[in-house]
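Asks: Here it is, the structure in full.
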Amino acid sequence: MYLRWRKDRMTMTIRDLDDSLNDYKRDQILFNGEKIREIFQEARKIKEAQQDFQRECQEMEKQREEGRNQTDRGNSESPEIEELQEEGKKKKNETELWARKYAPQGYADLLSDDAVNRNSITWMRLWDECVFKRRHTVQAIESRLNDRERMTFSMENRFGNRARRPHFKILLLTGPAGSGKTTLAGAIARLCGYATVELNASDSRNAPDFEKAIDGALRNQYTIDNGNKPNCLILDEIDGAPADAIKFLAKTIQGTGKKAIKRPIIAICNSLFTTSLRELRPLCLVLNVNAMRRERLVERLQKIAQIENVNIDTFSLEKLVELTECDVRSSLNTLQLLGNSNQGKRITAKQVEQAAESSVQNANKSLFEAFSMVLEFSRHLDNKGHLFSMKQRLQRIERVAIDQVATTQNYSLMKYMIVFYAKLHMIVATHAKTHFQIPQSDFQMLQKSKACTEVLSTLRGSRHAGLSALPLLFDVYPYLVQIVQPAMRATNETLYTKKEKDQIEHTIQVMIDYSLTFVPTTIDNDTKFVFQPPIDQVVQYPVTSSESSGTDLPNAARQMIAKKIELIKLGSSFSAISVDDSEDVPERSETPGGSSRMKQIEEQERNKNCSRTEAPVPETSGTIGQVHYRYNQGFSNAVKKPVRMMDLLN
Amino acid sequence: MQIHMVRNEAGVDEWTIVELQGSLETSGHSLDGKILGNLCWRKDTKEAILIIGNHLLEGKFTQLEKPLLVAVPNADDQSYVVNAVIRRKLLFKLRPKPIVTKGLSGHMLISK
């Protein structure tokens with residue numbers, strides 16, 4: 001029996017091989033002689049193996065007949081079955097996953113869609129010119145493409161005699177889990193004569209790691225240990241890679257000249273529309289690996305079941321494929337699980353259903369879904385919309401609770417854990433929809449605290465040099481916010497009384513000392529002047545706009561102060577010049593000379609702005625500042641022309 | 001009449017002209033003994049900065065087309081003693097920037 005299976009498998013493979021060969025011919029995708037030779041060699045090997053096998057079979061048959069002759073008919077333990085069981089035992093012990101064990105060995109074994117397989121191979125062949133220096137291959141491929149395909153498989157423009165590369169440097173395979181993307185990538189890379197370098201989610205994938213991988217795999221020529229095969233980089237699960245790494249990748253593949261990558265890259269992702277992939281997407285040739293055809297998968301599963309001695313009928317296999325949504329890996333794993341647990345017994349469709357449900361559904365379920373299972377009745381409705389009985393519901397919850405919610409490893413207490421969820425369900429479950437969210441307040445507070453620390457570090461008055469930030473925060477800054485916002489009339493700058501002017505001046509001095517200022521910020525289409533750094537946000541509780549009117553400076557006053565601060569800051573950058581020759585540095589705001597000087601400036605500004613004809617007050621003290629400079633503006637559009645003295649005299 | 005230009009025996013200095021597009025005003029007082037302002041040079045661009053009152057003037061050296069001599073008449077009226085030569089001038093022709101020079105926290109020194 002076993003021999004027959006093997007024989008069947010071989011003939012199947014050969015048929016597949018022939019089919020695929022015909023396929024190539026039909027589609028006129030040119031494989032060079034070497035490739036065809038390879039395939040024929042493979043076929044020949046298989047045929048030889050088949051012949052060997054037939055010989056073996058005949059021998060076995062003879063043996064069996066002899067055995068039958070020797071032993072009684074009633075003895076059911078024929079040598080064939082013995083051998084079979086031995087093999088079966090061997091298989092029970094082995095730990096290798098079937099998904100890996102029965103991975104496709106060649107192109108003919110691939111289960112994924114033929115069109116996708118063909119397209120990806122065509123793309124790989126486009127690299128031949130660059131990698132293997134086979135220009136004719138690419139030319140042949142190009143000449144056989146129709147217009148639409150030519151768009152997809154376009155090559156770079158030719159610069160001189162340099163080998164061209166495909167327009168798309170990356171092949172991006174996308175599709176649902178278990179649709180054979182990784183397998184396809186590996187298979188086509190090997191088939192086209194590359195050594196594969198894989199990088200998947202288990203490797204760390206920052207930008208530097210990518211750089212290392214790309215440097216090592218793609219830019220270097222041949223490596224020693226891979227038998228002189230060029231490398232092909234396979235980036236598995238690229239949608240999980242950090243965004244900066246993908247950005248780096250996008251930048252790298254656009255490199256030209258010496259930095260240009262010279263080997264194909266295949267990227268694999270589940271979801272094409274991950275935000276991090278946005279930059280990469282237009283640079284890739286995107287091939288959609290759809291979930292495979294059901295019949296194909298069932299056929300393959302049948303073969304594997306036969307080989308692995310799993311007693312399962314086609315109907316159950318179809319059910320399995322349906323439940324796993326044509327996920328090859330998942331269906332194979334489930335089949336292996338069933339095969340191991342049932343040990344030769346017949347596997348029913350119901351068992352398949354159970355196994356698939358536990359392995360597939362829960363893998364897809366998120367934590368939120370598990371919680372909504374506990375908290376919502378709508379999750380426990382049957383097909384007709386009736387609520388399950390309490391017992392059924394609790395059973396379902398139990399399953400979810402064990403698989404999803406319980407994450408501690410104290411297994412002795414685990415049996416009590418379910419009680420909580422059952423009780424929770426009984427008490428609080430509703431028909432209404434519940435909304436879940438991962439708690440984020442922790443992160444928000446962290447951000448806020450960072451921002452506050454940042455503000456505090458920039459705010460250091462010259463007088464508080466030795467103090468730490470905390471006492472300042474509690475004892476100084478709250479008052480500071482009040483101090484720099486004195487009660488002021490909202491009126492024209494020129495109409496302030498002397499006292500008010502002093503107040504403003506004081507405010508400005510304090511603000512400069514703490515390097516505070518107001519900056520215009522647009523809030524709700526309304527430009528407002530806010531503190532910069534935002535000290536008020538640090539020391540005050542957030543106030544609504546209706547409350548804030550009490551203590552805050554009016555916007556106009558803030559604008560005025562901001563303008564003055566800016567003027568003073570501009571001036572201060574040149575103030576050092578006056579320091580150069582005079583030893584006594586003016587002691588900031590305290591010196592009378594300083595403040596009088598402020599007034600003078602203010603007055604000057606007033607003269608300018610309001611065109612008042614007030615004479616500047618002459619200063620008596622100090623030596624600088626008495627000489628004023630008046631710029632002679634204006635222009636001349638005089639026309640120069642020589643004039644004779646004679647003409648003037650006449 | 002020929003006027004002899006006699007070279008000063010102590011040597012000839014090089015002077016420079018400061019040319020302003022504007023006028024200096026003292027509101028009625030004389031300029032005598034007053035400090036005009038501060039002159040310094042930007043390190044990077046070699047431009048001169050002249051600060052007069054509240055104005056900051058930016059200028060640079062320009063070579064005179066013909067050098068000028070600074071001479072004083074000798075006692076005999078027949079000759080002049082050349083004290084200095086002027087080959088270049090410091091030209092401030094741009095519109096001055098209004099500034100406020102005032103000591104504040106964090107003096108910034110502009111080194112020459």
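Within each chain, counting starts at residue 1; across the structure tokens, chains are named A, B, ... in the order shown, with ligands numbered 1 upward in that order.
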What's the 7 Å shell around segment 36-52 of chain B, counting only C-alpha atoms, without same-chain residues fewer than 3 positions away, as a PDB file with N, CA, C and O atoms, in the first residue's frame?
Replies:
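What landed in selection-v9.pdb:
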```pdb
ATOM      1  N   ILE A 577      29.582  95.743  22.704  1.00  0.00           N
ATOM      2  CA  ILE A 577      30.493  96.744  22.200  1.00  0.00           C
ATOM      3  C   ILE A 577      30.671  97.863  23.205  1.00  0.00           C
ATOM      4  O   ILE A 577      31.771  98.351  23.438  1.00  0.00           O
ATOM      5  N   VAL A 627      25.178 111.784  20.369  1.00  0.00           N
ATOM      6  CA  VAL A 627      25.273 111.971  18.922  1.00  0.00           C
ATOM      7  C   VAL A 627      24.224 111.088  18.260  1.00  0.00           C
ATOM      8  O   VAL A 627      24.127 109.898  18.551  1.00  0.00           O
ATOM      9  N   HIS A 628      23.452 111.710  17.423  1.00  0.00           N
ATOM     10  CA  HIS A 628      22.453 110.924  16.702  1.00  0.00           C
ATOM     11  C   HIS A 628      22.825 110.887  15.235  1.00  0.00           C
ATOM     12  O   HIS A 628      23.469 111.772  14.716  1.00  0.00           O
ATOM     13  N   TYR A 629      22.387 109.887  14.644  1.00  0.00           N
ATOM     14  CA  TYR A 629      22.689 109.708  13.227  1.00  0.00           C
ATOM     15  C   TYR A 629      21.394 109.818  12.447  1.00  0.00           C
ATOM     16  O   TYR A 629      20.399 109.197  12.806  1.00  0.00           O
TER      17      TYR A 629
ATOM     18  N   HIS B  55      21.612 103.599  16.419  1.00  0.00           N
ATOM     19  CA  HIS B  55      21.678 103.076  15.061  1.00  0.00           C
ATOM     20  C   HIS B  55      22.882 102.185  14.876  1.00  0.00           C
ATOM     21  O   HIS B  55      23.962 102.472  15.378  1.00  0.00           O
ATOM     22  N   LEU B  56      22.619 101.144  14.167  1.00  0.00           N
ATOM     23  CA  LEU B  56      23.700 100.229  13.833  1.00  0.00           C
ATOM     24  C   LEU B  56      23.937 100.343  12.346  1.00  0.00           C
ATOM     25  O   LEU B  56      23.038 100.122  11.539  1.00  0.00           O
ATOM     26  N   LEU B  57      25.155 100.731  12.008  1.00  0.00           N
ATOM     27  CA  LEU B  57      25.497 100.912  10.604  1.00  0.00           C
ATOM     28  C   LEU B  57      26.453  99.809  10.183  1.00  0.00           C
ATOM     29  O   LEU B  57      27.384  99.468  10.924  1.00  0.00           O
ATOM     30  N   GLU B  58      26.213  99.306   9.032  1.00  0.00           N
ATOM     31  CA  GLU B  58      27.100  98.271   8.512  1.00  0.00           C
ATOM     32  C   GLU B  58      27.806  98.814   7.275  1.00  0.00           C
ATOM     33  O   GLU B  58      27.174  99.379   6.384  1.00  0.00           O
ATOM     34  N   GLY B  59      29.075  98.641   7.248  1.00  0.00           N
ATOM     35  CA  GLY B  59      29.830  99.153   6.111  1.00  0.00           C
ATOM     36  C   GLY B  59      31.063  98.339   5.863  1.00  0.00           C
ATOM     37  O   GLY B  59      31.331  97.364   6.563  1.00  0.00           O
ATOM     38  N   LYS B  60      31.824  98.739   4.847  1.00  0.00           N
ATOM     39  CA  LYS B  60      33.064  98.014   4.575  1.00  0.00           C
ATOM     40  C   LYS B  60      34.083  98.936   3.920  1.00  0.00           C
ATOM     41  O   LYS B  60      33.744 100.018   3.446  1.00  0.00           O
ATOM     42  N   LYS B 112      36.886  91.143  18.111  1.00  0.00           N
ATOM     43  CA  LYS B 112      37.333  91.748  16.859  1.00  0.00           C
ATOM     44  C   LYS B 112      38.039  90.723  15.985  1.00  0.00           C
ATOM     45  O   LYS B 112      38.647  89.797  16.487  1.00  0.00           O
TER      46      LYS B 112
END
```
Asks: Taking 5 positions as the minimum chain separation for residues in the same chain, which residues sit within 8 Å of Val18 of chain B when counting only C-alpha atoms? Answer as number ranges by chain.
Replies: B: 89-92
Asks: Quick one: everything within 8 Å of Ser23 of chain B, counting only C-alpha atoms, minus sequence neighbours fewer than 6 positions away in the same chain. Send it as a list in words.
Replies: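 Residues near the query, excluding close chain neighbours: Tyr629, Arg630, Tyr631 and Asn632 of chain A.
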Asks: Can I get the selected residues back with N, CA and C atoms, as a short mmCIF file (atom, residue, chain, number, x, y, z; two decimals), in the first residue's frame?
Replies:
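Output saved as selection.cif:
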```
data_model
loop_
_atom_site.label_atom_id
_atom_site.label_comp_id
_atom_site.auth_asym_id
_atom_site.auth_seq_id
_atom_site.Cartn_x
_atom_site.Cartn_y
_atom_site.Cartn_z
N TYR A 629 22.39 109.89 14.64
CA TYR A 629 22.69 109.71 13.23
C TYR A 629 21.39 109.82 12.45
N ARG A 630 21.43 110.63 11.45
CA ARG A 630 20.24 110.75 10.60
C ARG A 630 20.61 110.28 9.21
N TYR A 631 19.90 109.31 8.78
CA TYR A 631 20.21 108.71 7.48
C TYR A 631 19.58 109.54 6.39
N ASN A 632 20.36 109.89 5.41
CA ASN A 632 19.82 110.63 4.27
C ASN A 632 19.31 109.65 3.24
#
```
Asks: Extract, using only C-alpha atoms, all DNA, RNA and protein residues at most 12 Å from Gln78 of chain B, discarding same-chain residues fewer than 4 positions from it, and format them as a list in words.
Replies: Met1, Gln2, Ile3, His4, Met5, Val6, Val72, Pro73 and Asn74 of chain B
Asks: Calculated over only C-alpha atoms, which of the candidates B:Gly28, B:Gly11, B:Pro67, B:Gly53 has the smallest distance to chain A?
Replies: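 Answer, going by the shortest atom-to-atom distance: B:Gly53.
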Asks: Could you pull the residues within 12 Å of Leu111 of chain A, counting only C-alpha atoms, minus those fewer than 4 positions along the same chain, as a compact mmCIF listing (two decimals) with N, CA, C and O atoms, in the first residue's frame?
Replies:
```txt
# COMPACT_ATOMS: atom_id res chain seq x y z
N ASP A 16 2.97 16.74 -12.99
CA ASP A 16 3.01 18.18 -12.68
C ASP A 16 4.13 18.86 -13.45
O ASP A 16 3.96 19.93 -14.02
N TYR A 102 7.05 19.10 4.10
CA TYR A 102 6.50 18.96 2.77
C TYR A 102 6.52 20.28 2.01
O TYR A 102 5.65 20.55 1.19
N ALA A 103 7.46 21.13 2.36
CA ALA A 103 7.60 22.36 1.59
C ALA A 103 7.96 22.01 0.16
O ALA A 103 8.66 21.03 -0.08
N PRO A 104 7.50 22.79 -0.78
CA PRO A 104 7.76 22.47 -2.19
C PRO A 104 9.25 22.43 -2.47
O PRO A 104 10.00 23.27 -1.99
N GLN A 105 9.65 21.43 -3.24
CA GLN A 105 11.07 21.30 -3.56
C GLN A 105 11.40 22.03 -4.85
O GLN A 105 12.49 22.54 -5.01
N GLY A 106 10.48 22.08 -5.76
CA GLY A 106 10.75 22.75 -7.03
C GLY A 106 9.54 23.54 -7.47
O GLY A 106 8.56 23.67 -6.74
N TYR A 107 9.65 24.06 -8.65
CA TYR A 107 8.59 24.90 -9.18
C TYR A 107 7.28 24.12 -9.28
O TYR A 107 6.21 24.63 -8.98
N ALA A 115 -0.10 32.09 -12.34
CA ALA A 115 0.23 33.41 -12.89
C ALA A 115 1.22 34.14 -11.98
O ALA A 115 2.18 34.75 -12.47
N VAL A 116 0.97 34.05 -10.70
CA VAL A 116 1.87 34.72 -9.76
C VAL A 116 3.26 34.09 -9.82
O VAL A 116 4.27 34.79 -9.88
N ASN A 117 3.28 32.78 -9.84
CA ASN A 117 4.57 32.09 -9.91
C ASN A 117 5.34 32.51 -11.15
O ASN A 117 6.54 32.79 -11.09
N GLY A 178 -0.23 32.04 5.30
CA GLY A 178 -0.27 30.66 4.84
C GLY A 178 -0.63 30.49 3.38
O GLY A 178 -1.05 29.42 2.96
N SER A 179 -0.46 31.53 2.59
CA SER A 179 -0.77 31.37 1.18
C SER A 179 0.47 31.03 0.37
O SER A 179 0.43 30.96 -0.84
N GLY A 180 1.59 30.83 1.06
CA GLY A 180 2.78 30.35 0.37
C GLY A 180 3.69 31.44 -0.15
O GLY A 180 4.42 31.21 -1.11
N LYS A 181 3.65 32.59 0.46
CA LYS A 181 4.49 33.69 -0.02
C LYS A 181 5.97 33.40 0.20
O LYS A 181 6.77 33.49 -0.73
N THR A 183 7.39 30.59 0.86
CA THR A 183 7.77 29.41 0.09
C THR A 183 8.05 29.79 -1.35
O THR A 183 9.05 29.37 -1.94
N LEU A 184 7.14 30.59 -1.90
CA LEU A 184 7.30 31.01 -3.29
C LEU A 184 8.60 31.78 -3.47
O LEU A 184 9.37 31.52 -4.40
N ALA A 187 11.52 29.47 -3.30
CA ALA A 187 11.55 28.54 -4.44
C ALA A 187 12.05 29.24 -5.70
O ALA A 187 12.92 28.72 -6.40
N VAL A 289 -0.32 37.42 -3.84
CA VAL A 289 -0.42 35.97 -3.74
C VAL A 289 -1.75 35.67 -3.06
O VAL A 289 -1.89 35.82 -1.85
N ASN A 290 -2.72 35.31 -3.85
CA ASN A 290 -4.04 35.06 -3.27
C ASN A 290 -4.06 33.74 -2.53
O ASN A 290 -3.16 32.91 -2.68
N ALA A 291 -5.08 33.62 -1.70
CA ALA A 291 -5.28 32.32 -1.08
C ALA A 291 -5.45 31.30 -2.19
O ALA A 291 -6.09 31.57 -3.21
N MET A 292 -4.84 30.13 -2.01
CA MET A 292 -4.78 29.20 -3.15
C MET A 292 -6.09 28.48 -3.39
O MET A 292 -7.00 28.54 -2.58
N ARG A 293 -6.15 27.89 -4.49
CA ARG A 293 -7.39 27.20 -4.85
C ARG A 293 -7.57 26.00 -3.94
O ARG A 293 -6.63 25.27 -3.59
N ARG A 294 -8.82 25.83 -3.56
CA ARG A 294 -9.14 24.82 -2.56
C ARG A 294 -8.80 23.41 -3.05
O ARG A 294 -8.20 22.62 -2.32
N GLU A 295 -9.15 23.13 -4.30
CA GLU A 295 -8.93 21.76 -4.79
C GLU A 295 -7.46 21.39 -4.75
O GLU A 295 -7.08 20.28 -4.42
N ARG A 296 -6.66 22.39 -5.10
CA ARG A 296 -5.22 22.15 -5.15
C ARG A 296 -4.68 21.77 -3.77
O ARG A 296 -3.88 20.85 -3.63
N LEU A 297 -5.14 22.52 -2.78
CA LEU A 297 -4.68 22.28 -1.41
C LEU A 297 -5.18 20.94 -0.91
O LEU A 297 -4.43 20.18 -0.29
N VAL A 298 -6.44 20.65 -1.21
CA VAL A 298 -7.01 19.38 -0.76
C VAL A 298 -6.22 18.23 -1.37
O VAL A 298 -5.88 17.25 -0.70
N GLU A 299 -5.92 18.38 -2.64
CA GLU A 299 -5.16 17.34 -3.34
C GLU A 299 -3.82 17.09 -2.65
O GLU A 299 -3.44 15.95 -2.37
N ARG A 300 -3.14 18.21 -2.32
CA ARG A 300 -1.85 18.10 -1.68
C ARG A 300 -1.98 17.48 -0.28
O ARG A 300 -1.18 16.61 0.10
N LEU A 301 -3.00 17.92 0.43
CA LEU A 301 -3.21 17.38 1.77
C LEU A 301 -3.48 15.89 1.72
O LEU A 301 -3.01 15.13 2.56
N CYS A 326 -8.07 28.20 3.52
CA CYS A 326 -7.00 27.87 2.56
C CYS A 326 -5.62 28.27 3.05
O CYS A 326 -4.76 28.63 2.27
N ASP A 327 -5.45 28.27 4.34
CA ASP A 327 -4.14 28.55 4.91
C ASP A 327 -3.36 27.23 4.93
O ASP A 327 -3.71 26.32 5.66
N VAL A 328 -2.34 27.15 4.12
CA VAL A 328 -1.62 25.88 3.98
C VAL A 328 -0.97 25.47 5.29
O VAL A 328 -1.10 24.34 5.75
N ARG A 329 -0.30 26.45 5.90
CA ARG A 329 0.45 26.13 7.11
C ARG A 329 -0.48 25.65 8.20
O ARG A 329 -0.27 24.61 8.83
```
Asks: Please return as a compact mmCIF listing (two decimals) with N, CA, C and O atoms, in the first residue's frame: the residues of segment 261-344 of chain A that backbone DSSP assigns to helix (DSSP H, G or I).
Replies:
```txt
# COMPACT_ATOMS: atom_id res chain seq x y z
N THR A 275 1.02 51.49 7.08
CA THR A 275 1.51 52.85 6.84
C THR A 275 3.01 52.90 6.62
O THR A 275 3.50 53.70 5.85
N SER A 276 3.72 52.00 7.29
CA SER A 276 5.18 52.05 7.17
C SER A 276 5.63 51.66 5.76
O SER A 276 6.72 52.00 5.35
N LEU A 277 4.77 50.97 5.03
CA LEU A 277 5.17 50.51 3.69
C LEU A 277 4.87 51.55 2.63
O LEU A 277 5.14 51.32 1.45
N ARG A 281 6.05 51.11 -1.35
CA ARG A 281 5.09 50.53 -2.29
C ARG A 281 5.30 50.95 -3.73
O ARG A 281 5.33 50.10 -4.62
N PRO A 282 5.45 52.26 -4.00
CA PRO A 282 5.61 52.63 -5.41
C PRO A 282 6.92 52.14 -6.02
O PRO A 282 7.06 52.13 -7.24
N LEU A 283 7.87 51.72 -5.20
CA LEU A 283 9.17 51.28 -5.71
C LEU A 283 9.20 49.78 -5.96
O LEU A 283 10.19 49.25 -6.43
N ARG A 294 -8.82 25.83 -3.56
CA ARG A 294 -9.14 24.82 -2.56
C ARG A 294 -8.80 23.41 -3.05
O ARG A 294 -8.20 22.62 -2.32
N GLU A 295 -9.15 23.13 -4.30
CA GLU A 295 -8.93 21.76 -4.79
C GLU A 295 -7.46 21.39 -4.75
O GLU A 295 -7.08 20.28 -4.42
N ARG A 296 -6.66 22.39 -5.10
CA ARG A 296 -5.22 22.15 -5.15
C ARG A 296 -4.68 21.77 -3.77
O ARG A 296 -3.88 20.85 -3.63
N LEU A 297 -5.14 22.52 -2.78
CA LEU A 297 -4.68 22.28 -1.41
C LEU A 297 -5.18 20.94 -0.91
O LEU A 297 -4.43 20.18 -0.29
N VAL A 298 -6.44 20.65 -1.21
CA VAL A 298 -7.01 19.38 -0.76
C VAL A 298 -6.22 18.23 -1.37
O VAL A 298 -5.88 17.25 -0.70
N GLU A 299 -5.92 18.38 -2.64
CA GLU A 299 -5.16 17.34 -3.34
C GLU A 299 -3.82 17.09 -2.65
O GLU A 299 -3.44 15.95 -2.37
N ARG A 300 -3.14 18.21 -2.32
CA ARG A 300 -1.85 18.10 -1.68
C ARG A 300 -1.98 17.48 -0.28
O ARG A 300 -1.18 16.61 0.10
N LEU A 301 -3.00 17.92 0.43
CA LEU A 301 -3.21 17.38 1.77
C LEU A 301 -3.48 15.89 1.72
O LEU A 301 -3.01 15.13 2.56
N GLN A 302 -4.22 15.50 0.71
CA GLN A 302 -4.50 14.07 0.56
C GLN A 302 -3.21 13.27 0.41
O GLN A 302 -3.02 12.25 1.04
N LYS A 303 -2.36 13.80 -0.44
CA LYS A 303 -1.10 13.12 -0.68
C LYS A 303 -0.30 12.99 0.61
O LYS A 303 0.22 11.92 0.95
N ILE A 304 -0.24 14.10 1.32
CA ILE A 304 0.55 14.10 2.56
C ILE A 304 -0.06 13.16 3.57
O ILE A 304 0.63 12.40 4.26
N ALA A 305 -1.40 13.18 3.63
CA ALA A 305 -2.08 12.29 4.57
C ALA A 305 -1.76 10.84 4.24
O ALA A 305 -1.55 10.01 5.13
N GLN A 306 -1.72 10.54 2.95
CA GLN A 306 -1.39 9.18 2.54
C GLN A 306 0.02 8.82 2.98
O GLN A 306 0.27 7.77 3.55
N ILE A 307 0.93 9.73 2.72
CA ILE A 307 2.33 9.45 3.05
C ILE A 307 2.49 9.30 4.55
O ILE A 307 3.22 8.45 5.04
N THR A 314 -11.73 12.64 2.07
CA THR A 314 -11.65 13.88 1.32
C THR A 314 -12.60 14.93 1.88
O THR A 314 -12.27 16.12 1.92
N PHE A 315 -13.75 14.47 2.31
CA PHE A 315 -14.74 15.42 2.83
C PHE A 315 -14.18 16.17 4.04
O PHE A 315 -14.30 17.40 4.13
N SER A 316 -13.55 15.42 4.94
CA SER A 316 -13.00 16.06 6.13
C SER A 316 -11.88 17.03 5.76
O SER A 316 -11.75 18.10 6.35
N LEU A 317 -11.10 16.63 4.77
CA LEU A 317 -10.02 17.52 4.33
C LEU A 317 -10.59 18.80 3.76
O LEU A 317 -10.08 19.90 4.02
N GLU A 318 -11.65 18.67 3.00
CA GLU A 318 -12.27 19.86 2.44
C GLU A 318 -12.78 20.78 3.55
O GLU A 318 -12.65 22.00 3.47
N LYS A 319 -13.34 20.13 4.53
CA LYS A 319 -13.83 20.89 5.69
C LYS A 319 -12.67 21.64 6.36
O LYS A 319 -12.78 22.81 6.72
N LEU A 320 -11.57 20.91 6.49
CA LEU A 320 -10.38 21.49 7.13
C LEU A 320 -9.89 22.71 6.35
O LEU A 320 -9.62 23.77 6.90
N VAL A 321 -9.83 22.56 5.04
CA VAL A 321 -9.36 23.65 4.20
C VAL A 321 -10.30 24.84 4.31
O VAL A 321 -9.88 26.00 4.37
N GLU A 322 -11.57 24.52 4.37
CA GLU A 322 -12.55 25.59 4.47
C GLU A 322 -12.38 26.35 5.79
O GLU A 322 -12.40 27.57 5.83
N LEU A 323 -12.20 25.59 6.85
CA LEU A 323 -12.09 26.22 8.17
C LEU A 323 -10.82 27.07 8.30
O LEU A 323 -10.80 28.09 8.95
N VAL A 328 -2.34 27.15 4.12
CA VAL A 328 -1.62 25.88 3.98
C VAL A 328 -0.97 25.47 5.29
O VAL A 328 -1.10 24.34 5.75
N ARG A 329 -0.30 26.45 5.90
CA ARG A 329 0.45 26.13 7.11
C ARG A 329 -0.48 25.65 8.20
O ARG A 329 -0.27 24.61 8.83
N SER A 330 -1.53 26.42 8.38
CA SER A 330 -2.46 26.10 9.45
C SER A 330 -3.14 24.77 9.21
O SER A 330 -3.30 23.96 10.13
N SER A 331 -3.54 24.49 7.97
CA SER A 331 -4.23 23.23 7.70
C SER A 331 -3.28 22.06 7.88
O SER A 331 -3.66 21.01 8.41
N LEU A 332 -2.03 22.25 7.48
CA LEU A 332 -1.05 21.17 7.66
C LEU A 332 -0.79 20.91 9.13
O LEU A 332 -0.70 19.76 9.56
N ASN A 333 -0.67 22.00 9.90
CA ASN A 333 -0.42 21.83 11.32
C ASN A 333 -1.58 21.12 12.00
O ASN A 333 -1.38 20.24 12.84
N THR A 334 -2.78 21.52 11.62
CA THR A 334 -3.95 20.88 12.19
C THR A 334 -3.98 19.41 11.83
O THR A 334 -4.29 18.55 12.66
N LEU A 335 -3.65 19.14 10.57
CA LEU A 335 -3.65 17.75 10.12
C LEU A 335 -2.62 16.94 10.89
O LEU A 335 -2.88 15.80 11.31
N GLN A 336 -1.49 17.53 11.13
CA GLN A 336 -0.44 16.83 11.87
C GLN A 336 -0.89 16.55 13.30
O GLN A 336 -0.68 15.46 13.83
N LEU A 337 -1.53 17.57 13.88
CA LEU A 337 -2.04 17.43 15.24
C LEU A 337 -3.04 16.27 15.31
O LEU A 337 -2.96 15.39 16.17
N LEU A 338 -3.96 16.28 14.36
CA LEU A 338 -4.99 15.23 14.33
C LEU A 338 -4.36 13.87 14.10
O LEU A 338 -4.71 12.88 14.73
N GLY A 339 -3.41 13.85 13.17
CA GLY A 339 -2.76 12.59 12.84
C GLY A 339 -2.03 12.02 14.04
O GLY A 339 -2.07 10.82 14.31
N ASN A 340 -1.37 12.88 14.78
CA ASN A 340 -0.61 12.41 15.93
C ASN A 340 -1.52 11.95 17.06
O ASN A 340 -1.23 10.98 17.74
N SER A 341 -2.63 12.65 17.25
CA SER A 341 -3.48 12.30 18.38
C SER A 341 -4.36 11.09 18.07
O SER A 341 -4.72 10.35 18.97
N ASN A 342 -4.68 10.89 16.81
CA ASN A 342 -5.60 9.79 16.50
C ASN A 342 -4.91 8.49 16.14
O ASN A 342 -5.55 7.44 16.13
```
Asks: Quick one: distance from atom CA of Arg148 of chain A to atom CA of Ser120 of chain A in Å, one decimal?
Replies: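 So the answer is 15.5 Å.
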Asks: Name the closest residue to chain A among the candidates B:Asn83, B:Thr62, B:Ser30, B:Gln21; distances are taken between atoms, counting only C-alpha atoms.
Replies: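 The shortest atom-to-atom distance to chain A comes from B:Gln21.
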Asks: Give me, as a ChimeraX atom specification, the residues of segment 204-361 of chain A that a backbone DSSP run labels strand (DSSP E).
Replies: /A:231-235,265-269,284-288
Asks: Residues within 6 Å of Ala71 of chain B, please, as a VMD selection string. Count only C-alpha atoms; anything in the same chain fewer than 5 positions from it doesn't count.
Replies: chain B and resid 80 to 83
Asks: If I take atom CA of Leu145 of chain A and atom CA of Lys262 of chain A, how far is one from the other in Å, to one decimal?
Replies: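 For atom CA of Leu145 of chain A relative to atom CA of Lys262 of chain A, the distance reads 23.5 Å.
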